$ cat protein-v2.tsv   # TSV, C-alpha atoms
chain	number	residue	atom	x	y	z
A	1	MET	CA	-75.47	52.26	-108.45
A	2	PRO	CA	-75.14	49.96	-105.40
A	3	GLU	CA	-74.05	51.78	-102.28
A	4	ASN	CA	-71.25	50.31	-100.16
A	5	LEU	CA	-71.75	52.74	-97.31
A	6	GLU	CA	-69.43	53.14	-94.39
A	7	LEU	CA	-72.16	55.48	-93.22
A	8	GLN	CA	-74.15	52.39	-92.27
A	9	GLN	CA	-72.34	52.49	-88.94
A	10	PHE	CA	-74.56	55.50	-88.10
A	11	GLN	CA	-77.75	53.64	-88.91
A	12	GLU	CA	-79.67	52.02	-86.06
A	13	GLY	CA	-79.26	48.27	-86.39
A	14	ALA	CA	-77.22	48.73	-89.60
A	15	PRO	CA	-79.82	47.22	-91.96
A	16	PRO	CA	-78.85	46.18	-95.47
A	17	PRO	CA	-79.33	48.75	-98.26
A	18	ASP	CA	-82.97	49.11	-99.29
A	19	PRO	CA	-84.12	48.45	-102.83
A	20	ALA	CA	-84.94	51.50	-104.91
A	21	PRO	CA	-88.50	52.72	-104.15
A	22	ARG	CA	-91.17	52.31	-106.83
A	23	TRP	CA	-91.70	56.04	-107.40
A	24	LEU	CA	-87.97	56.53	-108.05
A	25	GLU	CA	-87.86	53.54	-110.41
A	26	ARG	CA	-90.82	54.97	-112.37
A	27	LEU	CA	-89.17	58.39	-112.59
A	28	GLN	CA	-85.91	56.93	-113.85
A	29	ARG	CA	-87.72	54.61	-116.29
A	30	ARG	CA	-89.83	57.41	-117.81
A	31	LEU	CA	-87.21	60.14	-117.97
A	32	GLY	CA	-83.83	58.53	-117.43
A	33	ALA	CA	-83.75	56.67	-120.75
A	34	ASN	CA	-84.31	59.87	-122.74
A	35	CYS	CA	-82.33	62.13	-120.41
A	36	PRO	CA	-79.27	60.31	-119.00
A	37	TYR	CA	-78.08	63.50	-117.31
A	38	LEU	CA	-81.42	64.10	-115.58
A	39	GLY	CA	-79.79	64.38	-112.16
A	40	ILE	CA	-77.42	67.09	-113.39
A	41	LEU	CA	-80.30	68.98	-115.02
A	42	LEU	CA	-82.34	68.89	-111.80
A	43	ALA	CA	-79.32	70.09	-109.82
A	44	THR	CA	-78.84	73.02	-112.22
A	45	LEU	CA	-82.51	74.03	-111.90
A	46	SER	CA	-82.08	73.78	-108.15
A	47	SER	CA	-79.22	76.27	-108.45
A	48	LEU	CA	-81.50	78.73	-110.22
A	49	PHE	CA	-84.04	78.78	-107.39
A	50	PHE	CA	-81.41	78.83	-104.64
A	51	SER	CA	-79.62	81.74	-106.32
A	52	LEU	CA	-82.88	83.69	-106.38
A	53	CYS	CA	-83.23	82.94	-102.67
A	54	SER	CA	-79.78	84.49	-102.18
A	55	VAL	CA	-80.92	87.65	-103.96
A	56	ILE	CA	-83.89	87.94	-101.60
A	57	VAL	CA	-81.69	87.40	-98.54
A	58	LYS	CA	-79.27	90.10	-99.66
A	59	GLY	CA	-82.08	92.49	-100.57
A	60	LEU	CA	-84.04	92.20	-97.30
A	61	VAL	CA	-81.57	94.27	-95.29
A	62	ASP	CA	-84.08	95.01	-92.50
A	63	VAL	CA	-84.64	91.33	-91.65
A	64	ASN	CA	-82.08	89.31	-89.69
A	65	PRO	CA	-80.51	86.48	-91.79
A	66	MET	CA	-81.30	83.92	-89.07
A	67	GLU	CA	-84.97	84.95	-89.16
A	68	LEU	CA	-84.98	84.60	-92.95
A	69	ALA	CA	-83.65	81.07	-92.51
A	70	SER	CA	-86.68	80.30	-90.34
A	71	PHE	CA	-89.07	81.54	-93.03
A	72	ARG	CA	-87.23	79.49	-95.59
A	73	PHE	CA	-87.73	76.32	-93.57
A	74	VAL	CA	-91.44	77.06	-93.27
A	75	GLY	CA	-91.46	77.13	-97.07
A	76	VAL	CA	-89.79	73.72	-97.13
A	77	LEU	CA	-92.08	72.15	-94.50
A	78	LEU	CA	-95.56	73.30	-95.53
A	79	PRO	CA	-95.64	71.76	-99.05
A	80	ALA	CA	-93.74	68.62	-97.99
A	81	LEU	CA	-96.07	67.66	-95.12
A	82	PRO	CA	-99.22	67.10	-97.27
A	83	ILE	CA	-97.17	65.01	-99.73
A	84	LEU	CA	-95.91	62.90	-96.81
A	85	ILE	CA	-99.47	62.32	-95.56
A	86	TYR	CA	-100.86	61.60	-99.03
A	87	THR	CA	-98.17	59.03	-99.86
A	88	ARG	CA	-98.43	57.47	-96.36
A	89	GLN	CA	-94.71	57.51	-95.82
A	90	PRO	CA	-93.22	56.81	-92.36
A	91	VAL	CA	-92.47	60.13	-90.69
A	92	PHE	CA	-89.26	59.11	-88.92
A	93	PRO	CA	-88.25	55.71	-90.39
A	94	GLU	CA	-86.35	53.29	-88.22
A	95	GLY	CA	-82.78	52.65	-89.31
A	96	LYS	CA	-82.42	56.11	-90.90
A	97	ARG	CA	-83.02	58.34	-87.90
A	98	VAL	CA	-79.45	59.23	-87.01
A	99	ILE	CA	-78.58	60.12	-90.60
A	100	LEU	CA	-81.79	62.17	-90.88
A	101	LEU	CA	-80.84	64.10	-87.73
A	102	LEU	CA	-77.31	64.65	-89.00
A	103	ARG	CA	-78.67	65.86	-92.34
A	104	CYS	CA	-80.96	68.34	-90.55
A	105	PHE	CA	-78.18	69.68	-88.31
A	106	MET	CA	-75.62	70.00	-91.10
A	107	GLY	CA	-78.09	71.52	-93.54
A	108	THR	CA	-79.51	74.03	-91.07
A	109	THR	CA	-76.14	75.21	-89.79
A	110	GLY	CA	-74.77	75.49	-93.31
A	111	LEU	CA	-77.78	77.48	-94.49
A	112	MET	CA	-77.62	79.97	-91.61
A	113	LEU	CA	-73.91	80.50	-92.24
A	114	SER	CA	-74.52	81.01	-95.96
A	115	PHE	CA	-77.26	83.57	-95.23
A	116	TYR	CA	-74.81	85.48	-93.03
A	117	ALA	CA	-72.22	85.39	-95.82
A	118	PHE	CA	-74.71	86.59	-98.45
A	119	ARG	CA	-75.62	89.54	-96.24
A	120	HIS	CA	-72.01	90.56	-95.44
A	121	MET	CA	-70.27	89.83	-98.76
A	122	PRO	CA	-70.85	90.54	-102.47
A	123	LEU	CA	-73.40	88.00	-103.73
A	124	ALA	CA	-71.11	86.46	-106.36
A	125	ASP	CA	-68.08	86.20	-104.03
A	126	ALA	CA	-70.10	84.43	-101.35
A	127	SER	CA	-71.65	82.08	-103.93
A	128	VAL	CA	-68.25	81.13	-105.31
A	129	ILE	CA	-66.85	80.22	-101.90
A	130	ILE	CA	-69.97	78.31	-100.84
A	131	PHE	CA	-70.24	76.40	-104.10
A	132	SER	CA	-66.63	75.31	-104.14
A	133	THR	CA	-68.20	72.39	-102.26
A	134	PRO	CA	-67.22	69.79	-104.93
A	135	VAL	CA	-63.66	69.74	-103.57
A	136	PHE	CA	-64.89	68.45	-100.24
A	137	VAL	CA	-67.74	66.37	-101.69
A	138	ALA	CA	-65.38	64.39	-103.91
A	139	ILE	CA	-63.18	63.61	-100.91
A	140	PHE	CA	-66.08	62.69	-98.61
A	141	ALA	CA	-67.87	60.70	-101.32
A	142	ARG	CA	-64.72	58.66	-101.90
A	143	ALA	CA	-64.19	58.10	-98.16
A	144	PHE	CA	-67.76	57.31	-97.08
A	145	LEU	CA	-69.75	56.32	-100.19
A	146	LYS	CA	-66.93	54.57	-102.06
A	147	GLU	CA	-67.80	56.56	-105.19
A	148	PRO	CA	-64.99	56.56	-107.77
A	149	CYS	CA	-62.74	59.59	-108.01
A	150	THR	CA	-61.32	59.43	-111.53
A	151	LEU	CA	-58.79	61.60	-113.32
A	152	PHE	CA	-61.71	63.46	-114.90
A	153	ASN	CA	-63.06	64.31	-111.42
A	154	VAL	CA	-59.64	65.58	-110.39
A	155	LEU	CA	-59.39	67.79	-113.49
A	156	THR	CA	-62.87	69.31	-113.11
A	157	ILE	CA	-62.31	69.91	-109.39
A	158	ASN	CA	-59.05	71.72	-110.09
A	159	MET	CA	-60.74	73.70	-112.85
A	160	THR	CA	-63.38	74.77	-110.35
A	161	LEU	CA	-60.74	75.71	-107.77
A	162	VAL	CA	-58.82	77.86	-110.24
A	163	GLY	CA	-62.06	79.64	-111.07
A	164	VAL	CA	-62.68	80.24	-107.37
A	165	VAL	CA	-59.20	81.71	-106.92
A	166	LEU	CA	-59.65	84.07	-109.88
A	167	ILE	CA	-62.94	85.34	-108.50
A	168	THR	CA	-61.93	85.79	-104.86
A	169	ARG	CA	-58.33	86.90	-105.66
A	170	PRO	CA	-56.90	86.04	-102.22
A	171	PRO	CA	-54.10	88.38	-101.05
A	172	PHE	CA	-51.58	85.57	-100.57
A	173	VAL	CA	-51.86	84.81	-104.30
A	174	PHE	CA	-52.38	88.23	-105.88
A	175	GLY	CA	-50.37	90.26	-103.38
A	176	ASP	CA	-53.18	92.69	-102.51
A	177	SER	CA	-53.14	94.29	-99.12
A	178	GLY	CA	-55.77	95.71	-96.81
A	179	GLU	CA	-59.34	94.65	-96.29
A	180	SER	CA	-61.26	92.65	-98.87
A	181	GLU	CA	-63.35	94.78	-101.21
A	182	ASP	CA	-66.27	94.02	-103.44
A	183	VAL	CA	-66.62	95.34	-106.98
A	184	SER	CA	-68.27	98.55	-105.75
A	185	GLY	CA	-65.33	99.37	-103.49
A	186	LYS	CA	-67.10	98.55	-100.20
A	187	THR	CA	-65.21	96.55	-97.60
A	188	TYR	CA	-66.55	93.48	-95.85
A	189	ASP	CA	-65.37	92.04	-92.55
A	190	ILE	CA	-63.53	88.75	-92.14
A	191	TRP	CA	-66.58	87.00	-90.66
A	192	GLY	CA	-68.32	86.97	-94.03
A	193	PRO	CA	-65.67	84.77	-95.71
A	194	VAL	CA	-65.34	82.68	-92.54
A	195	ALA	CA	-69.08	82.00	-92.58
A	196	ALA	CA	-68.95	81.16	-96.31
A	197	ILE	CA	-66.08	78.68	-95.89
A	198	SER	CA	-67.75	77.06	-92.87
A	199	SER	CA	-70.98	76.77	-94.83
A	200	THR	CA	-69.04	74.95	-97.54
A	201	LEU	CA	-67.82	72.31	-95.08
A	202	PHE	CA	-71.31	71.71	-93.70
A	203	GLY	CA	-72.77	71.69	-97.21
A	204	ALA	CA	-70.35	69.01	-98.39
A	205	ASN	CA	-71.56	66.69	-95.65
A	206	VAL	CA	-75.18	67.35	-96.65
A	207	TYR	CA	-74.50	65.92	-100.13
A	208	ILE	CA	-73.07	62.75	-98.61
A	209	LEU	CA	-75.91	62.33	-96.13
A	210	LEU	CA	-78.58	62.91	-98.79
A	211	ARG	CA	-76.91	60.35	-101.01
A	212	ALA	CA	-77.04	57.89	-98.11
A	213	LEU	CA	-80.78	58.60	-97.79
A	214	LYS	CA	-81.48	58.19	-101.50
A	215	ASN	CA	-83.99	55.34	-100.99
A	216	LEU	CA	-86.27	57.44	-98.80
A	217	HIS	CA	-89.16	59.36	-100.34
A	218	PHE	CA	-88.23	63.01	-100.77
A	219	SER	CA	-91.20	64.10	-98.63
A	220	VAL	CA	-89.78	62.20	-95.62
A	221	ILE	CA	-86.42	63.93	-95.95
A	222	MET	CA	-87.91	67.37	-96.48
A	223	THR	CA	-90.49	67.06	-93.69
A	224	ASN	CA	-87.85	66.09	-91.16
A	225	PHE	CA	-85.51	68.77	-92.46
A	226	GLY	CA	-88.17	71.48	-92.37
A	227	THR	CA	-89.44	70.57	-88.89
A	228	ILE	CA	-86.11	70.16	-87.10
A	229	ALA	CA	-84.51	73.08	-88.93
A	230	LEU	CA	-87.44	75.38	-88.05
A	231	VAL	CA	-87.14	74.54	-84.34
A	232	TYR	CA	-83.35	74.96	-84.52
A	233	THR	CA	-83.48	78.38	-86.19
A	234	LEU	CA	-86.25	79.66	-83.90
A	235	ILE	CA	-84.08	78.78	-80.90
A	236	VAL	CA	-81.17	80.66	-82.48
A	237	CYS	CA	-83.39	83.65	-83.32
A	238	GLY	CA	-84.76	83.72	-79.77
A	239	SER	CA	-81.28	83.62	-78.28
A	240	ILE	CA	-80.12	86.64	-80.33
A	241	GLY	CA	-83.42	88.55	-80.07
A	242	ALA	CA	-84.27	88.36	-83.78
A	243	VAL	CA	-87.87	87.12	-83.56
A	244	CYS	CA	-90.14	89.65	-85.28
A	245	TRP	CA	-92.45	89.95	-88.30
A	246	PRO	CA	-91.09	91.61	-91.45
A	247	SER	CA	-92.51	95.01	-92.41
A	248	CYS	CA	-95.81	95.07	-94.29
A	249	GLY	CA	-95.87	95.21	-98.06
A	250	ARG	CA	-92.80	94.31	-100.12
A	251	ASP	CA	-90.83	92.60	-97.34
A	252	ARG	CA	-93.61	90.16	-96.44
A	253	TRP	CA	-94.25	89.28	-100.08
A	254	LEU	CA	-90.53	88.60	-100.59
A	255	VAL	CA	-90.52	86.34	-97.52
A	256	VAL	CA	-93.35	84.29	-99.08
A	257	VAL	CA	-91.44	84.07	-102.38
A	258	LEU	CA	-88.35	83.00	-100.42
A	259	GLY	CA	-90.30	80.09	-98.96
A	260	VAL	CA	-91.65	78.99	-102.37
A	261	PHE	CA	-88.25	79.16	-104.07
A	262	SER	CA	-86.69	77.31	-101.12
A	263	PHE	CA	-89.14	74.43	-101.53
A	264	LEU	CA	-88.55	74.20	-105.29
A	265	GLY	CA	-84.78	74.32	-104.89
A	266	GLN	CA	-84.77	71.77	-102.09
A	267	ILE	CA	-87.02	69.24	-103.82
A	268	LEU	CA	-84.97	69.45	-107.04
A	269	LEU	CA	-81.72	69.00	-105.10
A	270	THR	CA	-83.11	66.02	-103.17
A	271	LEU	CA	-84.33	64.32	-106.36
A	272	SER	CA	-81.05	64.97	-108.17
A	273	LEU	CA	-79.08	63.29	-105.38
A	274	GLN	CA	-81.43	60.30	-105.46
A	275	ILE	CA	-80.77	59.85	-109.18
A	276	GLU	CA	-77.15	60.92	-109.64
A	277	GLN	CA	-73.88	60.47	-107.74
A	278	ALA	CA	-72.91	63.12	-105.19
A	279	GLY	CA	-69.80	64.37	-107.03
A	280	PRO	CA	-71.41	65.31	-110.39
A	281	VAL	CA	-74.40	66.88	-108.62
A	282	ALA	CA	-72.13	69.05	-106.48
A	283	ILE	CA	-70.28	70.31	-109.57
A	284	ALA	CA	-73.56	71.00	-111.40
A	285	ARG	CA	-74.72	73.05	-108.43
A	286	CYS	CA	-71.83	75.43	-109.15
A	287	ALA	CA	-74.11	76.92	-111.81
A	288	ASP	CA	-75.36	78.97	-108.86
A	289	ILE	CA	-72.20	81.06	-109.25
A	290	VAL	CA	-73.06	82.08	-112.80
A	291	PHE	CA	-76.61	82.95	-111.76
A	292	ALA	CA	-75.19	85.01	-108.88
A	293	PHE	CA	-73.13	87.13	-111.28
A	294	ILE	CA	-76.21	87.76	-113.43
A	295	TRP	CA	-78.38	88.75	-110.46
A	296	GLN	CA	-75.56	90.86	-109.02
A	297	MET	CA	-75.47	92.98	-112.16
A	298	LEU	CA	-79.26	93.11	-112.66
A	299	PHE	CA	-80.42	93.80	-109.11
A	300	PHE	CA	-77.45	95.41	-107.34
A	301	GLY	CA	-75.70	97.23	-110.18
A	302	GLU	CA	-72.32	95.62	-109.44
A	303	THR	CA	-70.17	94.86	-112.47
A	304	PRO	CA	-67.74	91.93	-111.99
A	305	THR	CA	-64.06	92.29	-112.85
A	306	ALA	CA	-62.32	90.50	-115.70
A	307	TYR	CA	-60.82	88.03	-113.22
A	308	SER	CA	-64.31	87.23	-111.91
A	309	MET	CA	-65.69	86.68	-115.39
A	310	VAL	CA	-62.86	84.31	-116.36
A	311	GLY	CA	-63.32	82.42	-113.10
A	312	ALA	CA	-67.06	82.11	-113.67
A	313	VAL	CA	-66.46	80.74	-117.18
A	314	MET	CA	-64.08	78.12	-115.76
A	315	VAL	CA	-66.57	77.05	-113.10
A	316	MET	CA	-69.40	76.83	-115.62
A	317	GLY	CA	-67.07	74.94	-117.95
A	318	SER	CA	-66.66	72.23	-115.34
A	319	VAL	CA	-70.47	71.90	-115.17
A	320	VAL	CA	-70.76	71.56	-118.96
A	321	LEU	CA	-67.94	69.01	-119.13
A	322	THR	CA	-69.57	66.94	-116.38
A	323	ALA	CA	-72.88	66.88	-118.28
A	324	LEU	CA	-71.12	65.96	-121.54
A	325	LYS	CA	-69.24	63.13	-119.86
A	326	LYS	CA	-72.45	61.77	-118.37
A	327	TRP	CA	-74.21	61.85	-121.75
A	328	ALA	CA	-71.27	60.44	-123.70
A	329	GLY	CA	-70.89	57.61	-121.19
A	330	THR	CA	-74.37	56.33	-122.09
A	331	LEU	CA	-73.53	55.93	-125.78
A	332	PRO	CA	-72.59	52.48	-127.16
A	333	ARG	CA	-68.86	51.81	-127.05
A	334	ASP	CA	-68.71	51.37	-130.82
A	335	SER	CA	-70.57	54.64	-131.44
A	336	SER	CA	-68.69	57.15	-133.60
A	337	LEU	CA	-70.11	59.97	-131.49
A	338	ARG	CA	-68.70	58.41	-128.34
A	339	LYS	CA	-65.29	58.20	-129.99
A	340	ARG	CA	-65.38	61.96	-130.55
A	341	PHE	CA	-65.77	62.44	-126.80
A	342	ARG	CA	-63.02	59.98	-125.89
A	343	LEU	CA	-60.88	62.86	-124.59
A	344	ILE	CA	-63.61	63.79	-122.10
A	345	LEU	CA	-64.22	60.16	-121.19
A	346	LEU	CA	-60.45	59.61	-120.87
A	347	GLU	CA	-60.75	56.34	-122.81
$ encode --input "protein-v2.tsv" --output "structure tokens"
Amino acid sequence: MPENLELQQFQEGAPPPDPAPRWLERLQRRLGANCPYLGILLATLSSLFFSLCSVIVKGLVDVNPMELASFRFVGVLLPALPILIYTRQPVFPEGKRVILLLRCFMGTTGLMLSFYAFRHMPLADASVIIFSTPVFVAIFARAFLKEPCTLFNVLTINMTLVGVVLITRPPFVFGDSGESEDVSGKTYDIWGPVAAISSTLFGANVYILLRALKNLHFSVIMTNFGTIALVYTLIVCGSIGAVCWPSCGRDRWLVVVLGVFSFLGQILLTLSLQIEQAGPVAIARCADIVFAFIWQMLFFGETPTAYSMVGAVMVMGSVVLTALKKWAGTLPRDSSLRKRFRLILLE
């Protein structure tokens, strides 16, 4: 899809859009023909690894969330750097530097805020708020990337929002009073939800910026992100006195796993946004919410309420509908199978 970016005003010299790189063309040629929803599939797999990262962050109660963010960025940087060197990619390409810096700042701040939310809120509640990002992504993608916002997008976004409301059950809708409680009856302070909502705003901008950088090799994006984010988080950790090694044994092994899962999740997300539009990818990433409910029950013994389950089904339904629409849209117009999906395609 050709990009008509208003974001070009942030690029040094405002060069014309680059042609698709050879490695991306080969990937799309080999897999795209047989898997038209490849970008959505990669985004969903990314959700799996990121949700497991959230479990580790919530479980490592003796390690500061900001310090965990630093370890996560080490996990992103170390595997990406050799790939960058091997492929001989430019480290800090001219014409993309400002957007790269913005992507690093937005992504790092959003991640630190999400880690704080995961630590101070129920895992599923925090995930739902953070991954309501499609609402903002659709708006920003329309404003900056000129991506279409169809009636189908509006319906799936509203479906996601209703699911979010059912899960979080805000007092102004359900009439509850007092402090917010998780499913185990424990209260959490207001700064948890504030951090989650703020993380959502920063995360929405990350999708737009990554889409604007879609013609760069993923190793360039991840190397810059890992390097700048690591320096950023170490400065934050130093300022709050949170620079220390995790305890020996289980904690250190979990930190290593956190880094590995972070790399896998990040590379899958980057590739998905280089193949697919920002809006569908953001909705597919909401699968993280469903994974969060599963991990919440398996690892923390917290059973979600009926409202939460219905909300999760609605959010996951929007992901499935998006994938179906993508697949049905690739079928020939005279195909009988496509006609069966005309309601989803709104044709």
$ atom_distance --input "protein-v2.tsv" --atom1 "CA of Lys58 (chain A)" --atom2 "CA of Leu201 (chain A)"
21.6 Å
$ atom_distance --input "protein-v2.tsv" --atom1 "CA of Lys339 (chain A)" --atom2 "CA of Lys325 (chain A)"
11.9 Å
$ atom_distance --input "protein-v2.tsv" --atom1 "CA of Leu102 (chain A)" --atom2 "CA of Tyr86 (chain A)"
25.8 Å
$ residues_around --input "protein-v2.tsv" --residues "Ser272 (chain A)" --least-positions-apart "2" --cutoff "8 Å" --atoms "only C-alpha atoms" --output "PyMOL selection string"
chain A and resi 38-43+268-270+274-276+281
$ residues_around --input "protein-v2.tsv" --residues "Val231 (chain A)" --least-positions-apart "5" --cutoff "9 Å" --atoms "only C-alpha atoms" --output "PyMOL selection string"
chain A and resi 70+226+236
$ closest_residue --input "protein-v2.tsv" --among "A:Thr200, A:Gln89, A:Thr303, A:Thr160" --to "Ala117 (chain A)" --atoms "all atoms listed in the file"
A:Thr200
$ residues_around --input "protein-v2.tsv" --residues "Thr233 (chain A)" --least-positions-apart "5" --cutoff "10 Å" --atoms "all atoms listed in the file" --output "PyMOL selection string"
chain A and resi 66-71+73+108-109+112+228+238-239
$ residues_around --input "protein-v2.tsv" --residues "Leu77 (chain A)" --least-positions-apart "2" --cutoff "12 Å" --atoms "only C-alpha atoms" --output "PyMOL selection string"
chain A and resi 70-75+79-84+218-231+259-260+262-264+266-267
$ write_last_selection --input "protein-v2.tsv" --atoms "C-alpha atoms" --output "mmCIF file, keeping the file's coordinate frame"
data_model
loop_
_atom_site.group_PDB
_atom_site.id
_atom_site.type_symbol
_atom_site.label_atom_id
_atom_site.label_comp_id
_atom_site.auth_asym_id
_atom_site.auth_seq_id
_atom_site.Cartn_x
_atom_site.Cartn_y
_atom_site.Cartn_z
ATOM 1 C CA SER A 70 -86.680 80.300 -90.340
ATOM 2 C CA PHE A 71 -89.070 81.540 -93.030
ATOM 3 C CA ARG A 72 -87.230 79.490 -95.590
ATOM 4 C CA PHE A 73 -87.730 76.320 -93.570
ATOM 5 C CA VAL A 74 -91.440 77.060 -93.270
ATOM 6 C CA GLY A 75 -91.460 77.130 -97.070
ATOM 7 C CA PRO A 79 -95.640 71.760 -99.050
ATOM 8 C CA ALA A 80 -93.740 68.620 -97.990
ATOM 9 C CA LEU A 81 -96.070 67.660 -95.120
ATOM 10 C CA PRO A 82 -99.220 67.100 -97.270
ATOM 11 C CA ILE A 83 -97.170 65.010 -99.730
ATOM 12 C CA LEU A 84 -95.910 62.900 -96.810
ATOM 13 C CA PHE A 218 -88.230 63.010 -100.770
ATOM 14 C CA SER A 219 -91.200 64.100 -98.630
ATOM 15 C CA VAL A 220 -89.780 62.200 -95.620
ATOM 16 C CA ILE A 221 -86.420 63.930 -95.950
ATOM 17 C CA MET A 222 -87.910 67.370 -96.480
ATOM 18 C CA THR A 223 -90.490 67.060 -93.690
ATOM 19 C CA ASN A 224 -87.850 66.090 -91.160
ATOM 20 C CA PHE A 225 -85.510 68.770 -92.460
ATOM 21 C CA GLY A 226 -88.170 71.480 -92.370
ATOM 22 C CA THR A 227 -89.440 70.570 -88.890
ATOM 23 C CA ILE A 228 -86.110 70.160 -87.100
ATOM 24 C CA ALA A 229 -84.510 73.080 -88.930
ATOM 25 C CA LEU A 230 -87.440 75.380 -88.050
ATOM 26 C CA VAL A 231 -87.140 74.540 -84.340
ATOM 27 C CA GLY A 259 -90.300 80.090 -98.960
ATOM 28 C CA VAL A 260 -91.650 78.990 -102.370
ATOM 29 C CA SER A 262 -86.690 77.310 -101.120
ATOM 30 C CA PHE A 263 -89.140 74.430 -101.530
ATOM 31 C CA LEU A 264 -88.550 74.200 -105.290
ATOM 32 C CA GLN A 266 -84.770 71.770 -102.090
ATOM 33 C CA ILE A 267 -87.020 69.240 -103.820
#
$ closest_residue --input "protein-v2.tsv" --among "A:Thr305, A:Thr322, A:Val256, A:Leu113" --to "Val76 (chain A)" --atoms "all atoms listed in the file"
A:Val256
$ closest_residue --input "protein-v2.tsv" --among "A:Ser127, A:Asp251, A:Ser318, A:Ile235" --to "Val154 (chain A)" --atoms "only C-alpha atoms"
A:Ser318
$ axis_aligned_box --input "protein-v2.tsv" --around "region 83-95 of chain A" --padding-each-side "8 Å" --output "JSON"
{"center_x": -91.8, "center_y": 58.8, "center_z": -94.0, "size_x": 34.1, "size_y": 28.4, "size_z": 27.6}
$ closest_residue --input "protein-v2.tsv" --among "A:Leu100, A:Leu210, A:Leu123, A:Leu151" --to "Met297 (chain A)" --atoms "only C-alpha atoms"
A:Leu123
$ closest_residue --input "protein-v2.tsv" --among "A:Ile129, A:Leu254, A:Val61, A:Leu161" --to "Ser114 (chain A)" --atoms "all atoms listed in the file"
A:Ile129
$ closest_residue --input "protein-v2.tsv" --among "A:Ala124, A:Pro280, A:Gly329, A:Leu298" --to "Thr156 (chain A)" --atoms "all atoms listed in the file"
A:Pro280
